[in-house]
Structure formats: C-alpha cells, structure tokens
Amino acid sequence: MVKAALFSPYIMRTMVKRVFFSASATKLEGGVSMVQGASRGIGLEFVRQLLHREETGHVVATCRNPDNATDLQKLKRDYASRLNILPLDVTDESTIEEAATTIRDTYGYLNLLINASGILSIPNLLQPETTLNKVEKSSLLLTYEVNAIGPILVVKHMWPFLKVGGGSGTEREVAVVANISARVGSIGDNALGGWHSYRASKTALNQLTKTISVEFARKKDPISCILLHPGTVDTDLSKPFQRNVPPGKLFTREFSVQKLLDIVDNTKKSDNGKFFAWDSTEIPW
C-alpha cells in the first residue's frame, strides 16, 4: 500500500478536489455554461444568446480585462444572478487555474465550455502572411500560443467540472466542449495557401481537440469535444479582410452564433471529435 506521504501536495489537492466534485456538485436547472474570450465579437454574442434564450441556466464569461469589457458589464447588470464574469488570460495559465478554482467553489461543475478567443491580426505586430517570405518566428509562436495552446489549457483545467456536469440540467446527453476553429485550418480544404501562422494555429487546435476527444471517449467521460467554423463573421477579427468576402458570405454575429448554438444543442456522444461548419456540414481535416 502506498503511503500518503509519498504523494506530492499537488496530487493530494487533486484527490481532495475529485472527492468534492463527486460529492457536493448540486445541479442547477438550465446547467452551467462557460464562454472563454467573451468580451467582444463571437464570444460576447455567445454569452448574450445563452442568457437571452432561456430564463434559467448560468453563464461564466471570461476575458483578460473584465473591468474594460463594457458590453459584458451591461449584460451583468441585466442578468446579475445568472452571469459570472471572471478574469482569464489564455497566455497565463495561473489565471486559468484561478478561474477553475472559482468555478469549483461556486458551481462545482460545467455542462458547456466554448473557447472563443483567437487572433488573426494585431496592428504593428501581427499580419496574415501572403507569402513565405513574410513568415516570422514571433508570429508563428504568438498565434499558436493564443489560438491553440490557450484553449487546450482551458479544457485541461475545466475537464473535471465537465466530467461531473455531463448533460445534467440540459437537454443534451453529454457536456460539450466547443472550440471555435476555422475552415482555413483544414489541411484537406487548403487550396489557396497563405495565412501561414493563422492556418497552422487552427490546424494545431484541431489536432489537439481531436486527440482530447479520443482520450475522453477511452475514459468514457460524458463529454463531446467538437470544433466549429463560424463562417466569415462581421467582427473586429475579420474587419480588415472583409473587402474580398463574396456577397452574402459575411455573416452577422447573431446569425453565426445562433447556427453554432443549434449545433451545440444537438451534439450527441457520437459527435465527439467532429469538425462542423456553421451550417452543420462536416469539414475535412
């Protein structure tokens, strides 16, 4: 028999947390959803629609600077009892751990995790590359850190809560992890080239999500991990590149998020590891 003294403090804390999760997580009607990257754009619209469409259900919205998230704070005033805003920076794992502690102490479980944060361009710092000659190490590392590493670390720390939550309090049979990806991350669909850093970061996100889905299935966790392509949406992320978008292909945030939530609502255990476009069609890897 292994003595308790041989366990590290971290392992002991983890064991205690697991007991806490299984013993005291009281399920709330409507469930508990988390939206990471919720201060603007698609993430903010996810929060808004999750709150608007039903009278029950709690939402945890995270972003780097909650005090500066004006629109998110407006929603907080309207849904004070159902919306919890937490600071979280995907490039700082300690903030993810702190958010996880708050979720553990406040709810004890999650039914839905949406990773919505992402970067494509930053003035004077990051621009999508139109040629190999413009590829820089700093751009590759930054986009990979924000678009791939960050979301996966969030899943890692929220995994215990999703495992406890499953589909309880919702009409789904499983909890859902929905990572917002992009069609340009598909290797099979890449016929145009360019945008090296962004494409590669989303491809990495796809592979990491797929790998996680295999582990969850092997462990029989009540969780489905899916990837979602929202289309080209009228947000700050796409605004510098909207000139070449074909007519009718630039979606409003309201339209795109409604379509994506329809997919989430109908996600089954058998959808674990799949990559969906906004219209529910599967995208090749």
# chains A, B, ... in the order shown; residues from 1 in each chain; ligands from 1
$ select_by_dssp --residues "segment 34-279 of chain A" --states "alpha helix (DSSP H)" --output "PyMOL selection string"
chain A and resi 41-52+70-78+93-106+137-144+150-165+196-218+253-265
$ residues_around --residues "segment 89-96 of chain A" --least-positions-apart "2" --cutoff "10 Å" --atoms "only C-alpha atoms" --output "list in words"
Gln36, Gly37, Thr62, Cys63, Arg64, Asn65, Leu86, Pro87, Glu98, Ala99, Ala100, Thr101, Ser117, Gly118, Leu142, Glu145, Val146, Asn147, Ala148, Ile149, Gly150, Pro151, Ile152, Leu153, Val154, Val155, Lys156, His157 and Met158 of chain A
$ residues_around --residues "Pro230 of chain A" --least-positions-apart "6" --cutoff "10 Å" --atoms "only C-alpha atoms" --output "list in words"
Ile42, Ile180, Ser181, Ala182, Arg183, Phe251, Arg253, Phe255, Ser256, Val257, Gln258, Lys259, Leu260, Phe276, Ala277, Trp278 and Asp279 of chain A
$ write_last_selection --atoms "C-alpha atoms" --output "compact mmCIF listing (two decimals), in the first residue's frame"
# COMPACT_ATOMS: atom_id res chain seq x y z
CA ILE A 42 -18.48 35.94 -31.25
CA ILE A 180 -14.01 27.79 -32.31
CA SER A 181 -11.76 26.88 -35.21
CA ALA A 182 -11.79 27.95 -38.88
CA ARG A 183 -12.13 26.28 -42.24
CA PHE A 251 -22.48 36.84 -41.51
CA ARG A 253 -22.64 37.69 -35.14
CA PHE A 255 -26.76 34.69 -37.27
CA SER A 256 -23.50 32.79 -36.87
CA VAL A 257 -23.84 32.19 -33.13
CA GLN A 258 -27.45 31.09 -33.50
CA LYS A 259 -26.33 28.47 -36.04
CA LEU A 260 -23.44 27.34 -33.84
CA PHE A 276 -18.53 21.26 -38.13
CA ALA A 277 -19.17 24.33 -40.24
CA TRP A 278 -21.87 26.82 -39.24
CA ASP A 279 -24.39 25.00 -41.49
$ closest_atom_pairs --of "segment 197-228 of chain A" --to "segment 124-141 of chain A" --cutoff "9 Å" --atoms "only C-alpha atoms" --output "Markdown table"
| residue | atom | partner | partner_atom | distance |
| --- | --- | --- | --- | --- |
| A:Ser197 | CA | A:Leu140 | CA | 4.9 |
| A:Tyr198 | CA | A:Pro128 | CA | 6.9 |
| A:Ala200 | CA | A:Leu140 | CA | 8.1 |
| A:Ser201 | CA | A:Leu140 | CA | 7.8 |
$ closest_residue --among "A:Pro66, A:Asn266, A:Asp189, A:Asn272" --to "Glu215 of chain A" --atoms "only C-alpha atoms"
A:Asn272
$ atom_distance --atom1 "atom CA of Thr267 of chain A" --atom2 "atom CA of Ile85 of chain A"
25.9 Å
$ closest_residue --among "A:Leu113, A:Leu50, A:Val60, A:Leu237" --to "Ala178 of chain A" --atoms "only C-alpha atoms"
A:Leu113
